[in-house]
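Colleague: Just dropping this structure here.
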Amino acid sequence: EDQVTQSPEALRLQEGESSSLNCSYTVSGLRGLFWYRQDPGKGPEFLFTLYSAGEEKEKERLKATLTKKESFLHITAPKPEDSATYLCAVMNSGYSTLTFGKGTMLLVSP
Amino acid sequence: EAGVAQSPRYKIIEKRQSVAFWCNPISGHATLYWYQQILGQGPKLLIQFQNNGVVDDSQLPKDRFSAERLKGVDSTLKIQPAKLEDSAVYLCASSLSGGAYEQYFGPGTRLTVT
């Protein structure tokens with residue numbers, strides 16, 4: 001059974017204080033690892049897909065990396081508008097459905 | 001490009017009543033998904049359609065939940081009868097096809113069962 005564990009559950013940062021979110025996963029064969037951002041009252045918004053260990057992707061202040069057991073979402077010099085819940089999900093190579101973690105709730109204070 | 005549309009946005013019903021949710025995916029997207037998201041949890045897949053055929057409904061409580069996708073476009077998810085534990089946000093998502101294509105989510109329908 002595919003499993004995704006995200007840590008920490010919640011993270012509070014000051015504006016400009018860089019940090020990382022962790023996503024640990026177990027899957028029999030990884031087709032892709034996905035990061036989403038979810039704002040209160042809205043559906044998840046796609047950020048990145050990573051396919052193989054060693055891959056990295058960047059978007060503005062966000063950088064996602066992937067190893068064989070975990071993924072990190074690095075947030076550099078965050079701003080209050082980066083406050084949201086960040087969700088990690090894996091897709092098994094055997095099918096095309098996503099298994100999500102519970103998410104990390106990020107709050108960035110000015 | 002218009003996003004995934006869902007209605008209603010909010011619904012309050014009593015237990016044992018029935019309810020239906022509607023989803024219109026992004027134009028041209030062959031694959032449609034319904035997820036259930038309980039407060040504090042990540043989304044959990046209920047059912048996946050490829051065009052108008054069901055690909056995966058292994059986690060759909062079939063004694064009370066049903067879903068259909070009309071002509072491979074719009075979809076409806078129904079709950080009958082509802083239970084208290086069905087209180088959640090129901091999210092619809094679509095993607096170009098199955099596989100590792102990104103899924104685009106709608107705003108969701110927040111269901112409260114009292």
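Just so we're on the same page: first chain in the structure tokens is A, next is B, and so on; residues restart at 1 for each chain, and ligands are numbered from 1 in the order they show up.
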Compile a residue-level contact table for chain B against chain A at a cut-off of 7 Å, reporting for every qualifying residue the shortest atom pair and its distance in Å to one decimal, with only C-alpha atoms counted, rows ordered by chain and ascending number, as a Markdown table.

Modeller:
```
| residue | atom | partner | partner_atom | distance |
| --- | --- | --- | --- | --- |
| B:Gly40 | CA | A:Lys102 | CA | 6.7 |
| B:Gln41 | CA | A:Lys102 | CA | 4.6 |
| B:Gly42 | CA | A:Lys102 | CA | 4.4 |
| B:Pro43 | CA | A:Phe100 | CA | 6.2 |
| B:Leu91 | CA | A:Gly43 | CA | 6.9 |
| B:Gly98 | CA | A:Ser96 | CA | 5.5 |
| B:Gly99 | CA | A:Ser96 | CA | 4.7 |
| B:Ala100 | CA | A:Gly32 | CA | 6.1 |
| B:Glu102 | CA | A:Phe46 | CA | 6.9 |
| B:Tyr104 | CA | A:Phe46 | CA | 6.8 |
| B:Phe105 | CA | A:Gly43 | CA | 5.4 |
| B:Gly106 | CA | A:Gly43 | CA | 5.5 |
| B:Pro107 | CA | A:Gly43 | CA | 4.5 |
| B:Gly108 | CA | A:Gly43 | CA | 6.0 |
```

Colleague: Write out as a PyMOL selection string the set of residues from chain A that DSSP, computed on the backbone, places in strand (DSSP E or B).

Modeller: chain A and resi 3-7+10-14+19-26+30-38+45-50+56-59+62-66+70-75+84-92+98-100+104-109

Colleague: I want to know what sits within 7 Å of Tyr33 (chain B), based on only C-alpha atoms, with residues of the same chain fewer than 2 positions away left out; could you give that as a ChimeraX atom specification?

Modeller: /B:31,35,47-49,92-94

Colleague: Pick out the residues sitting within 10 Å of Lys78 (chain B), and hand them over as a PyMOL selection string; count only C-alpha atoms, and ignore anything fewer than 3 positions along from it in its own chain.

Modeller: chain B and resi 18-22+64-68+81-82

Colleague: Within 9 Å of Thr109 (chain B), counting only C-alpha atoms, which residues qualify if same-chain residues fewer than 4 places away don't, as a VMD selection string?

Modeller: chain B and resid 6 to 11 21 88 to 92

Colleague: So which residues touch Val108 (chain A) within 7 Å, counting only C-alpha atoms, skipping near sequence neighbours fewer than 2 positions away, as a list in words?

Modeller: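 Returned residues: Arg12, Leu13, Gln14, Glu15, Pro78, Lys79, Pro80, Asp82, Ser83, Leu106 and Pro110 of chain A.
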
Colleague: Residues of the last selection are to be written out with all heavy atoms, as a short mmCIF file (atom, residue, chain, number, x, y, z; two decimals), in the first residue's frame.

Modeller:
```cif
data_model
loop_
_atom_site.label_atom_id
_atom_site.label_comp_id
_atom_site.auth_asym_id
_atom_site.auth_seq_id
_atom_site.Cartn_x
_atom_site.Cartn_y
_atom_site.Cartn_z
N ARG A 12 5.53 27.68 11.33
CA ARG A 12 5.35 29.13 11.37
C ARG A 12 6.71 29.77 11.13
O ARG A 12 7.68 29.47 11.84
CB ARG A 12 4.79 29.56 12.72
CG ARG A 12 4.44 31.03 12.79
CD ARG A 12 3.54 31.34 13.95
NE ARG A 12 3.02 32.70 13.89
CZ ARG A 12 1.95 33.12 14.55
NH1 ARG A 12 1.28 32.29 15.31
NH2 ARG A 12 1.56 34.37 14.43
N LEU A 13 6.79 30.65 10.15
CA LEU A 13 8.04 31.32 9.80
C LEU A 13 7.84 32.83 9.81
O LEU A 13 6.73 33.32 9.60
CB LEU A 13 8.50 30.90 8.39
CG LEU A 13 8.79 29.42 8.16
CD1 LEU A 13 9.07 29.17 6.68
CD2 LEU A 13 9.96 28.96 9.01
N GLN A 14 8.94 33.52 10.04
CA GLN A 14 8.94 34.96 9.84
C GLN A 14 9.24 35.23 8.38
O GLN A 14 9.93 34.45 7.70
CB GLN A 14 10.00 35.62 10.72
CG GLN A 14 9.70 35.58 12.21
CD GLN A 14 8.48 36.40 12.57
OE1 GLN A 14 8.32 37.54 12.10
NE2 GLN A 14 7.62 35.85 13.41
N GLU A 15 8.73 36.32 7.86
CA GLU A 15 9.03 36.69 6.49
C GLU A 15 10.53 36.73 6.27
O GLU A 15 11.27 37.32 7.07
CB GLU A 15 8.42 38.06 6.18
CG GLU A 15 8.57 38.49 4.74
CD GLU A 15 7.78 39.75 4.44
OE1 GLU A 15 7.14 40.30 5.36
OE2 GLU A 15 7.78 40.17 3.27
N PRO A 78 10.57 33.36 2.34
CA PRO A 78 9.12 33.36 2.14
C PRO A 78 8.47 34.70 2.45
O PRO A 78 8.98 35.49 3.25
CB PRO A 78 8.64 32.27 3.11
CG PRO A 78 9.67 32.22 4.17
CD PRO A 78 10.98 32.49 3.48
N LYS A 79 7.32 34.91 1.80
CA LYS A 79 6.50 36.09 2.00
C LYS A 79 5.16 35.65 2.59
O LYS A 79 4.77 34.49 2.46
CB LYS A 79 6.29 36.83 0.69
CG LYS A 79 7.58 37.35 0.07
CD LYS A 79 7.29 38.11 -1.21
CE LYS A 79 8.57 38.68 -1.80
NZ LYS A 79 8.31 39.46 -3.04
N PRO A 80 4.42 36.57 3.21
CA PRO A 80 3.12 36.18 3.78
C PRO A 80 2.20 35.50 2.78
O PRO A 80 1.43 34.61 3.16
CB PRO A 80 2.56 37.52 4.25
CG PRO A 80 3.76 38.33 4.60
CD PRO A 80 4.79 37.95 3.56
N ASP A 82 2.87 33.31 0.76
CA ASP A 82 3.21 31.88 0.65
C ASP A 82 2.49 31.04 1.69
O ASP A 82 2.57 29.81 1.67
CB ASP A 82 4.72 31.68 0.81
CG ASP A 82 5.52 32.31 -0.33
OD1 ASP A 82 5.04 32.27 -1.48
OD2 ASP A 82 6.60 32.87 -0.05
N SER A 83 1.77 31.69 2.59
CA SER A 83 1.02 30.96 3.61
C SER A 83 -0.06 30.12 2.94
O SER A 83 -0.87 30.62 2.16
CB SER A 83 0.37 31.94 4.60
OG SER A 83 1.36 32.68 5.28
N LEU A 106 1.58 25.99 6.39
CA LEU A 106 2.63 26.99 6.53
C LEU A 106 2.02 28.36 6.78
O LEU A 106 1.13 28.79 6.06
CB LEU A 106 3.48 27.04 5.26
CG LEU A 106 4.54 28.14 5.20
CD1 LEU A 106 5.61 27.90 6.25
CD2 LEU A 106 5.17 28.23 3.81
N PRO A 110 4.51 38.60 8.73
CA PRO A 110 5.29 39.76 8.25
C PRO A 110 6.22 40.29 9.34
O PRO A 110 6.05 40.03 10.51
CB PRO A 110 4.20 40.78 7.89
CG PRO A 110 3.00 40.35 8.64
CD PRO A 110 3.08 38.87 8.84
#
```

Colleague: How many Å separate CA of Leu30 (chain A) from CA of Val54 (chain B)?

Modeller: 22.8 Å

Colleague: Figure out the distance between CA of Val27 (chain A) and CA of Thr65 (chain A), please, to one decimal in Å.

Modeller: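 One can read the CA of Thr65 (chain A) to CA of Val27 (chain A) distance as 17.1 Å.
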
Colleague: What does the structure give for the distance between CA of Leu70 (chain B) and CA of Gly53 (chain B), in Å to one decimal?

Modeller: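 Straight-line distance from CA of Leu70 (chain B) to CA of Gly53 (chain B) works out to 9.8 Å.
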